[in-house]
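Have a look at my_file_32.txt below; it lists compact mmCIF, C-alpha atoms.
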```txt
# COMPACT_ATOMS: atom_id res chain seq x y z
CA MET A 296 32.20 1.14 23.52
CA ASP A 297 31.36 0.28 19.99
CA ALA A 298 28.07 -0.98 18.67
CA GLU A 299 28.42 -3.59 15.97
CA ARG A 300 24.88 -4.04 14.79
CA LEU A 301 21.33 -3.07 15.47
CA THR A 302 18.23 -5.14 14.76
CA TYR A 303 14.92 -3.33 14.70
CA SER A 304 11.81 -5.49 14.31
CA THR A 305 8.18 -4.58 14.54
CA LEU A 306 4.86 -6.28 14.03
CA SER A 307 1.63 -4.36 14.33
CA ILE A 308 -2.01 -4.39 13.45
CA GLU A 309 -3.60 -1.06 12.66
CA TYR A 310 -7.12 0.18 12.76
CA ASP A 311 -8.22 3.20 10.73
CA LEU A 312 -10.05 5.49 13.09
CA LEU A 313 -10.27 8.05 10.31
CA GLN A 314 -8.83 8.25 6.84
CA GLN A 315 -5.86 10.16 8.20
CA ALA A 316 -5.64 8.77 11.70
CA LYS A 317 -4.76 5.27 12.78
CA VAL A 318 -4.41 3.51 16.07
CA TYR A 319 -2.39 0.35 16.31
CA LEU A 320 -1.24 -2.33 18.65
CA GLY A 321 2.16 -3.78 18.06
CA TYR A 322 5.26 -5.49 19.26
CA ARG A 323 8.71 -3.99 18.88
CA ASN A 324 12.13 -5.43 19.52
CA VAL A 325 15.23 -3.27 19.28
CA ARG A 326 18.41 -5.20 19.94
CA ALA A 327 21.91 -3.82 19.83
CA SER A 328 25.12 -5.76 19.89
CA ILE A 329 27.80 -3.98 21.86
CA ASN A 330 31.39 -4.89 21.38
CA GLY A 331 32.64 -7.14 24.13
CA GLN A 332 29.19 -7.78 25.57
CA SER A 333 26.21 -9.85 24.71
CA SER A 334 23.34 -8.23 22.86
CA ILE A 335 21.11 -5.91 24.83
CA ASP A 336 17.43 -5.27 24.22
CA LEU A 337 16.84 -1.55 24.13
CA ASP A 338 13.16 -2.28 23.76
CA ASP A 339 11.21 -5.51 23.85
CA ASP A 340 7.56 -4.91 24.56
CA THR A 341 4.09 -4.49 23.16
CA HIS A 342 2.95 -0.96 22.58
CA LEU A 343 -0.03 1.15 21.70
CA GLY A 344 0.46 3.64 18.88
CA PHE A 345 -1.31 6.55 17.28
CA ARG A 346 -0.51 7.89 13.81
CA ILE A 347 -1.71 11.07 12.16
CA MET A 348 -1.20 11.86 8.47
CA TYR A 349 -1.87 15.29 7.07
CA MET B 70 -42.82 -14.39 -11.95
CA SER B 71 -41.73 -12.45 -8.94
CA GLY B 72 -40.17 -15.59 -7.52
CA SER B 73 -37.62 -15.75 -10.34
CA VAL B 74 -36.31 -12.24 -9.65
CA PRO B 75 -33.31 -12.38 -7.32
CA ALA B 76 -33.45 -10.19 -4.27
CA PRO B 77 -31.36 -7.03 -4.31
CA LEU B 78 -27.75 -7.61 -3.32
CA PHE B 79 -27.88 -5.57 -0.13
CA GLU B 80 -30.83 -7.57 1.17
CA ARG B 81 -28.76 -10.74 1.06
CA PHE B 82 -26.44 -9.52 3.78
CA GLU B 83 -27.37 -10.24 7.34
CA LYS B 84 -26.74 -7.60 9.96
CA GLN B 85 -23.78 -9.43 11.40
CA ASP B 86 -22.25 -9.66 7.93
CA TRP B 87 -22.26 -5.89 7.59
CA PHE B 88 -20.68 -5.58 10.99
CA PHE B 89 -17.78 -7.83 10.06
CA ILE B 90 -17.33 -6.18 6.67
CA LEU B 91 -17.12 -2.71 8.19
CA ILE B 92 -14.73 -3.82 10.90
CA ASN B 93 -12.48 -5.81 8.60
CA LEU B 94 -12.04 -3.17 5.93
CA GLN B 95 -10.24 -0.89 8.31
CA TRP B 96 -7.49 -3.23 9.44
CA THR B 97 -3.92 -3.31 8.23
CA VAL B 98 -1.15 -5.65 9.24
CA THR B 99 2.41 -4.41 9.02
CA ALA B 100 5.74 -5.95 9.86
CA SER B 101 9.33 -4.91 9.39
CA CYS B 102 12.76 -6.14 10.26
CA ARG B 103 15.95 -4.18 9.74
CA ARG B 104 19.38 -5.28 10.69
CA VAL B 105 22.02 -2.60 10.50
CA GLN B 106 25.74 -3.15 10.57
CA SER B 107 27.97 -0.67 12.29
CA ASP B 108 29.99 1.81 10.31
CA HIS B 109 33.34 1.70 12.07
CA LEU B 110 34.67 4.88 10.51
CA LEU B 111 31.73 6.83 11.90
CA ASN B 112 32.15 5.21 15.29
CA ARG B 113 35.82 6.09 15.43
CA GLY B 114 35.03 9.70 14.66
CA LEU B 115 32.34 9.86 17.31
CA GLN B 116 34.50 8.28 19.95
CA VAL B 117 37.13 10.93 19.43
CA MET B 118 34.53 13.63 19.92
CA VAL B 119 32.70 12.13 22.85
CA GLN B 120 34.37 11.81 26.19
CA ASP B 121 32.74 10.54 29.35
CA GLY B 122 31.91 13.97 30.69
CA GLU B 123 30.35 15.15 27.47
CA MET B 124 27.39 12.80 27.56
CA ASN B 125 25.06 15.48 28.90
CA MET B 126 25.88 17.77 26.02
CA TYR B 127 24.71 15.16 23.55
CA VAL B 128 21.56 14.48 25.54
CA ARG B 129 20.76 18.19 25.40
CA TYR B 130 21.46 18.16 21.69
CA LEU B 131 18.98 15.32 21.25
CA CYS B 132 16.33 17.25 23.16
CA VAL B 133 16.84 20.31 20.97
CA VAL B 134 16.52 18.24 17.80
CA THR B 135 13.34 16.66 19.12
CA MET B 136 11.85 20.04 19.96
CA LEU B 137 12.70 21.39 16.52
CA LEU B 138 11.01 18.43 14.90
CA ALA B 139 7.95 18.91 17.06
CA CYS B 140 7.79 22.61 16.17
CA ALA B 141 7.90 21.75 12.47
CA GLY B 142 4.72 19.73 12.87
CA ALA B 143 2.73 22.18 10.75
CA ALA B 144 4.65 21.05 7.70
CA ALA B 145 4.68 17.37 8.62
CA GLN B 146 3.07 14.64 6.64
CA GLU B 147 3.02 12.03 9.33
CA ILE B 148 3.46 11.94 13.08
CA ASP B 149 3.65 8.67 14.94
CA LEU B 150 3.61 8.18 18.69
CA THR B 151 3.82 4.83 20.45
CA LEU B 152 3.80 4.13 24.14
CA SER B 153 4.47 1.04 26.19
CA ASP B 154 5.25 0.32 29.80
CA ASN B 155 8.97 0.65 29.25
CA SER B 156 9.45 2.93 26.28
CA ALA B 157 8.11 5.73 24.13
CA LEU B 158 8.78 6.33 20.45
CA PHE B 159 8.19 9.54 18.53
CA ARG B 160 8.48 9.46 14.74
CA TYR B 161 8.12 12.18 12.18
CA LEU B 162 7.96 11.74 8.42
CA LYS B 163 7.83 14.44 5.80
CA HIS B 164 7.30 13.88 2.10
CA GLY B 165 8.28 16.56 -0.34
CA THR B 166 9.85 17.42 -3.66
CA SER B 167 13.46 18.41 -3.97
CA THR B 168 15.58 19.33 -6.96
CA TYR B 169 16.51 15.66 -7.30
CA GLY B 170 13.00 14.27 -7.13
CA GLN B 171 10.62 13.06 -4.47
CA SER B 172 12.21 13.11 -1.07
CA GLU B 173 11.28 11.62 2.25
CA ILE B 174 12.71 12.68 5.55
CA ASP B 175 12.07 10.76 8.70
CA ALA B 176 13.27 11.11 12.24
CA GLY B 177 12.55 9.06 15.30
CA LEU B 178 13.48 9.06 18.93
CA LEU B 179 13.06 6.02 21.16
CA TYR B 180 13.39 6.53 24.89
CA THR B 181 13.35 3.72 27.43
CA ASN B 182 13.01 3.44 31.19
CA ASP B 183 16.72 2.70 31.41
CA SER B 184 17.44 6.17 30.00
CA ASP B 185 18.58 4.66 26.75
CA PHE B 186 18.07 6.72 23.62
CA LEU B 187 17.89 5.53 20.06
CA LEU B 188 17.91 8.34 17.54
CA MET B 189 17.02 7.53 13.93
CA LEU B 190 17.46 9.99 11.08
CA GLY B 191 16.76 9.09 7.47
CA LEU B 192 16.74 10.74 4.07
CA GLN B 193 15.59 9.08 0.89
CA VAL B 194 15.40 10.78 -2.49
CA GLN B 195 13.66 9.06 -5.38
CA GLY B 196 14.46 9.95 -9.00
CA GLU B 197 11.90 10.95 -11.57
CA ALA B 198 8.35 10.84 -10.32
CA GLY B 199 7.00 7.34 -10.48
CA SER B 200 10.29 5.76 -11.46
CA GLY B 201 11.12 4.42 -8.03
CA SER B 202 14.81 4.70 -8.78
CA ARG B 203 17.00 6.39 -6.25
CA ALA B 204 18.47 9.70 -7.30
CA LEU B 205 20.66 9.73 -4.23
CA PRO B 206 21.77 6.90 -1.96
CA GLN B 207 19.39 6.38 0.89
CA THR B 208 20.99 7.78 3.98
CA ARG B 209 20.09 6.68 7.43
CA ILE B 210 21.82 7.19 10.74
CA TYR B 211 21.12 5.31 13.94
CA MET B 212 22.62 6.63 17.13
CA ILE B 213 22.47 4.88 20.48
CA PHE B 214 22.97 6.74 23.73
CA SER B 215 22.93 4.17 26.44
CA PRO B 216 24.08 5.17 29.93
CA SER B 217 23.01 1.73 31.20
CA VAL B 218 25.79 0.07 29.22
CA LEU B 219 28.03 3.14 28.99
CA ALA B 220 27.72 3.15 25.25
CA VAL B 221 27.56 6.09 22.90
CA ASN B 222 27.39 4.85 19.38
CA CYS B 223 26.72 5.92 15.88
CA ILE B 224 25.65 3.11 13.63
CA THR B 225 25.84 3.37 9.91
CA LEU B 226 24.90 5.28 6.84
CA GLN B 227 22.30 2.80 5.59
CA HIS B 228 24.51 -0.23 5.80
CA LEU B 229 21.73 -2.76 5.98
CA SER B 230 22.36 -6.44 5.91
CA ILE B 231 18.69 -7.33 6.27
CA ALA B 232 15.70 -5.20 5.38
CA LEU B 233 12.25 -6.68 5.29
CA ASP B 234 9.09 -4.64 5.14
CA PHE B 235 5.62 -6.01 4.90
CA ALA B 236 2.31 -4.19 4.82
CA SER B 237 -1.01 -5.60 3.79
CA SER B 238 -4.14 -3.49 3.71
CA SER B 239 -7.44 -5.17 4.22
CA ILE B 240 -5.85 -8.55 4.51
CA MET B 241 -8.68 -9.81 6.66
CA PRO B 242 -11.52 -9.43 4.17
CA ARG B 243 -9.65 -11.54 1.70
CA ILE B 244 -8.48 -14.24 4.04
CA LEU B 245 -10.51 -14.30 7.21
CA SER B 246 -13.86 -12.79 6.39
CA PRO B 247 -15.45 -15.95 5.01
CA LEU B 248 -14.45 -17.76 8.16
CA TRP B 249 -15.73 -15.08 10.48
CA MET B 250 -19.07 -14.44 8.87
CA PRO B 251 -21.70 -16.61 10.48
CA ASN B 252 -23.58 -16.94 7.22
CA GLY B 253 -20.57 -16.99 4.92
CA LEU B 254 -20.15 -14.67 1.98
CA PRO B 255 -23.36 -14.13 0.01
CA ILE B 256 -23.29 -15.62 -3.46
CA VAL B 257 -24.09 -13.15 -6.24
CA HIS B 258 -25.63 -14.72 -9.30
```
Could you spell out this file's structure in C-alpha cells?
Amino acid sequence: MDAERLTYSTLSIEYDLLQQAKVYLGYRNVRASINGQSSIDLDDDTHLGFRIMY
Amino acid sequence: MSGSVPAPLFERFEKQDWFFILINLQWTVTASCRRVQSDHLLNRGLQVMVQDGEMNMYVRYLCVVTMLLACAGAAAQEIDLTLSDNSALFRYLKHGTSTYGQSEIDAGLLYTNDSDFLLMLGLQVQGEAGSGSRALPQTRIYMIFSPSVLAVNCITLQHLSIALDFASSSIMPRILSPLWMPNGLPIVH
C-alpha cells in the first residue's frame, strides 16, 4: 500500500484561560489518499483541546 | 462649568460592555490546511523494511517514541492535547537555539478508534535571529499506520503542495465587538 497524499485541515477557536494555558474547540479533518482506493478520513470530527506553554 | 467637563472614560462603559470586552480579548481564531504529497523514494524504502508480520514492532516503536516525548516534558515549550469521540491527538513543540540558529522541533501522534496512527515529526531551523530565513530546509515526516486499510506509509520530507496557516488574535474586538455591545462602543472625545 502506498499513500499518495495527505491533507490535514483544522479550524479552531481558542480561549485563553491563563497567559500560558489555552482551551479550544475545533474541527479537524485528516484525509489520506491510498493508492488504488478512494480517500479515507483518518479523522473528521470536532474536538476539545488544551494547550500549555511554558 | 461642571457640565462641560466630560465624564471619566471608565464611567462611560456600562457593565455589560466590560463583560464583552473581557470575554472578547481572550479569543483567538486559527485555521490551517496542509496538503502533503507522498515521497515515493521514502515509501519504497519503508515497504522493503516493513512486512506484514512486522506491524507490531512499529507500533511498539511508536509507543516508545511517544513515551520519550512525554518524559521530556520538563524541557518542552508547548504541549497540546485534543480529544474527540473518535480520536486523540498529542502534540509537543520545543523551541530552542542550535548552532544554525533558532530551531523548532515538533512531534505529534494522532490515534483513532479504528486503530489508525498518524505520526508527525518536524524540524525547522531559522537562520540569524529575526531574519526569518531558513538556515536548513524544513523537514517534516508524516507516517500513517493504518491496520483498517492495511497501509503502512511514510509520506514526505516537507513536500507540501498546499500550506495555509491563519491565526488572528483578538479578532472579535475589532470586528464583532461593536455589534455585540448593547450600547455600542463609547465615543471618546
Residues within 12 Å of Asp340 in chain A, please, as a ChimeraX atom specification. Count only C-alpha atoms; anything in the same chain fewer than 3 positions from it doesn't count. /A:304-307,320-326,336-337,343 /B:151-157,181-182
Could I get the residues of chain A with an atom no further than 6 Å from an atom of chain B, each paired with its nearest atom pair and that distance in Å to one decimal, using all atoms listed in the file, sorted by chain and residue number, as a tab-separated table?
```
residue	atom	partner	partner_atom	distance
A:Met296	CA	B:Ala220	CA	5.2
A:Ala298	CA	B:Asn222	CA	5.9
A:Glu299	CA	B:Ser107	CA	4.7
A:Arg300	CA	B:Gln106	CA	4.4
A:Leu301	CA	B:Val105	CA	5.0
A:Thr302	CA	B:Arg104	CA	4.2
A:Tyr303	CA	B:Arg103	CA	5.1
A:Ser304	CA	B:Cys102	CA	4.2
A:Thr305	CA	B:Ser101	CA	5.3
A:Leu306	CA	B:Ala100	CA	4.3
A:Ser307	CA	B:Thr99	CA	5.4
A:Ile308	CA	B:Val98	CA	4.5
A:Glu309	CA	B:Thr97	CA	5.0
A:Tyr310	CA	B:Trp96	CA	4.8
A:Asp311	CA	B:Gln95	CA	5.2
A:His342	CA	B:Ser153	CA	4.4
A:Leu343	CA	B:Leu152	CA	5.4
A:Gly344	CA	B:Thr151	CA	3.9
A:Phe345	CA	B:Leu150	CA	5.4
A:Arg346	CA	B:Asp149	CA	4.4
A:Ile347	CA	B:Ile148	CA	5.3
A:Met348	CA	B:Glu147	CA	4.3
A:Tyr349	CA	B:Gln146	CA	5.0
```
Pairwise distance for CA of Ala176 in chain B and CA of Ile210 in chain B, rounded to one decimal in Å: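 CA of Ile210 in chain B lies at a distance of 9.5 Å from CA of Ala176 in chain B.
Note that the spacing between CA of His164 in chain B and CA of Thr341 in chain A amounts to 28.1 Å.
The two atoms in question, CA of Ile174 in chain B and CA of Asp339 in chain A, are spaced 25.8 Å apart.
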Could range 317-336 of chain A be completed with N, CA and C atoms and written as a PDB file, in the coordinates of the input, please?
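Listing of rebuild-v3.pdb after writing:
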```
ATOM      1  N   LYS A 317      -4.749   6.701  12.509  1.00  0.00           N
ATOM      2  CA  LYS A 317      -4.760   5.270  12.780  1.00  0.00           C
ATOM      3  C   LYS A 317      -4.327   5.016  14.213  1.00  0.00           C
ATOM      4  N   VAL A 318      -4.875   3.981  14.775  1.00  0.00           N
ATOM      5  CA  VAL A 318      -4.410   3.510  16.070  1.00  0.00           C
ATOM      6  C   VAL A 318      -3.953   2.074  15.871  1.00  0.00           C
ATOM      7  N   TYR A 319      -2.896   1.697  16.546  1.00  0.00           N
ATOM      8  CA  TYR A 319      -2.390   0.350  16.310  1.00  0.00           C
ATOM      9  C   TYR A 319      -1.818  -0.248  17.584  1.00  0.00           C
ATOM     10  N   LEU A 320      -1.817  -1.554  17.572  1.00  0.00           N
ATOM     11  CA  LEU A 320      -1.240  -2.330  18.650  1.00  0.00           C
ATOM     12  C   LEU A 320      -0.117  -3.158  18.065  1.00  0.00           C
ATOM     13  N   GLY A 321       1.031  -3.098  18.684  1.00  0.00           N
ATOM     14  CA  GLY A 321       2.160  -3.780  18.060  1.00  0.00           C
ATOM     15  C   GLY A 321       3.169  -4.291  19.066  1.00  0.00           C
ATOM     16  N   TYR A 322       4.120  -4.978  18.498  1.00  0.00           N
ATOM     17  CA  TYR A 322       5.260  -5.490  19.260  1.00  0.00           C
ATOM     18  C   TYR A 322       6.533  -4.972  18.610  1.00  0.00           C
ATOM     19  N   ARG A 323       7.463  -4.546  19.420  1.00  0.00           N
ATOM     20  CA  ARG A 323       8.710  -3.990  18.880  1.00  0.00           C
ATOM     21  C   ARG A 323       9.891  -4.563  19.653  1.00  0.00           C
ATOM     22  N   ASN A 324      10.882  -4.953  18.916  1.00  0.00           N
ATOM     23  CA  ASN A 324      12.130  -5.430  19.520  1.00  0.00           C
ATOM     24  C   ASN A 324      13.291  -4.670  18.904  1.00  0.00           C
ATOM     25  N   VAL A 325      14.044  -3.998  19.738  1.00  0.00           N
ATOM     26  CA  VAL A 325      15.230  -3.270  19.280  1.00  0.00           C
ATOM     27  C   VAL A 325      16.420  -3.845  20.030  1.00  0.00           C
ATOM     28  N   ARG A 326      17.283  -4.493  19.308  1.00  0.00           N
ATOM     29  CA  ARG A 326      18.410  -5.200  19.940  1.00  0.00           C
ATOM     30  C   ARG A 326      19.717  -4.668  19.361  1.00  0.00           C
ATOM     31  N   ALA A 327      20.607  -4.334  20.251  1.00  0.00           N
ATOM     32  CA  ALA A 327      21.910  -3.820  19.830  1.00  0.00           C
ATOM     33  C   ALA A 327      22.997  -4.747  20.337  1.00  0.00           C
ATOM     34  N   SER A 328      23.972  -4.940  19.511  1.00  0.00           N
ATOM     35  CA  SER A 328      25.120  -5.760  19.890  1.00  0.00           C
ATOM     36  C   SER A 328      26.289  -4.839  20.179  1.00  0.00           C
ATOM     37  N   ILE A 329      26.714  -4.834  21.425  1.00  0.00           N
ATOM     38  CA  ILE A 329      27.800  -3.980  21.860  1.00  0.00           C
ATOM     39  C   ILE A 329      29.088  -4.791  21.922  1.00  0.00           C
ATOM     40  N   ASN A 330      30.110  -4.210  21.440  1.00  0.00           N
ATOM     41  CA  ASN A 330      31.390  -4.890  21.380  1.00  0.00           C
ATOM     42  C   ASN A 330      31.832  -5.360  22.770  1.00  0.00           C
ATOM     43  N   GLY A 331      32.157  -6.609  22.864  1.00  0.00           N
ATOM     44  CA  GLY A 331      32.640  -7.140  24.130  1.00  0.00           C
ATOM     45  C   GLY A 331      31.546  -7.565  25.086  1.00  0.00           C
ATOM     46  N   GLN A 332      30.289  -7.363  24.711  1.00  0.00           N
ATOM     47  CA  GLN A 332      29.190  -7.780  25.570  1.00  0.00           C
ATOM     48  C   GLN A 332      28.184  -8.553  24.729  1.00  0.00           C
ATOM     49  N   SER A 333      27.289  -9.217  25.442  1.00  0.00           N
ATOM     50  CA  SER A 333      26.210  -9.850  24.710  1.00  0.00           C
ATOM     51  C   SER A 333      25.226  -8.782  24.237  1.00  0.00           C
ATOM     52  N   SER A 334      24.310  -9.185  23.383  1.00  0.00           N
ATOM     53  CA  SER A 334      23.340  -8.230  22.860  1.00  0.00           C
ATOM     54  C   SER A 334      22.437  -7.732  23.974  1.00  0.00           C
ATOM     55  N   ILE A 335      22.045  -6.481  23.858  1.00  0.00           N
ATOM     56  CA  ILE A 335      21.110  -5.910  24.830  1.00  0.00           C
ATOM     57  C   ILE A 335      19.833  -5.528  24.088  1.00  0.00           C
ATOM     58  N   ASP A 336      18.711  -5.674  24.776  1.00  0.00           N
ATOM     59  CA  ASP A 336      17.430  -5.270  24.220  1.00  0.00           C
ATOM     60  C   ASP A 336      17.131  -3.851  24.686  1.00  0.00           C
TER      61      ASP A 336
END
```
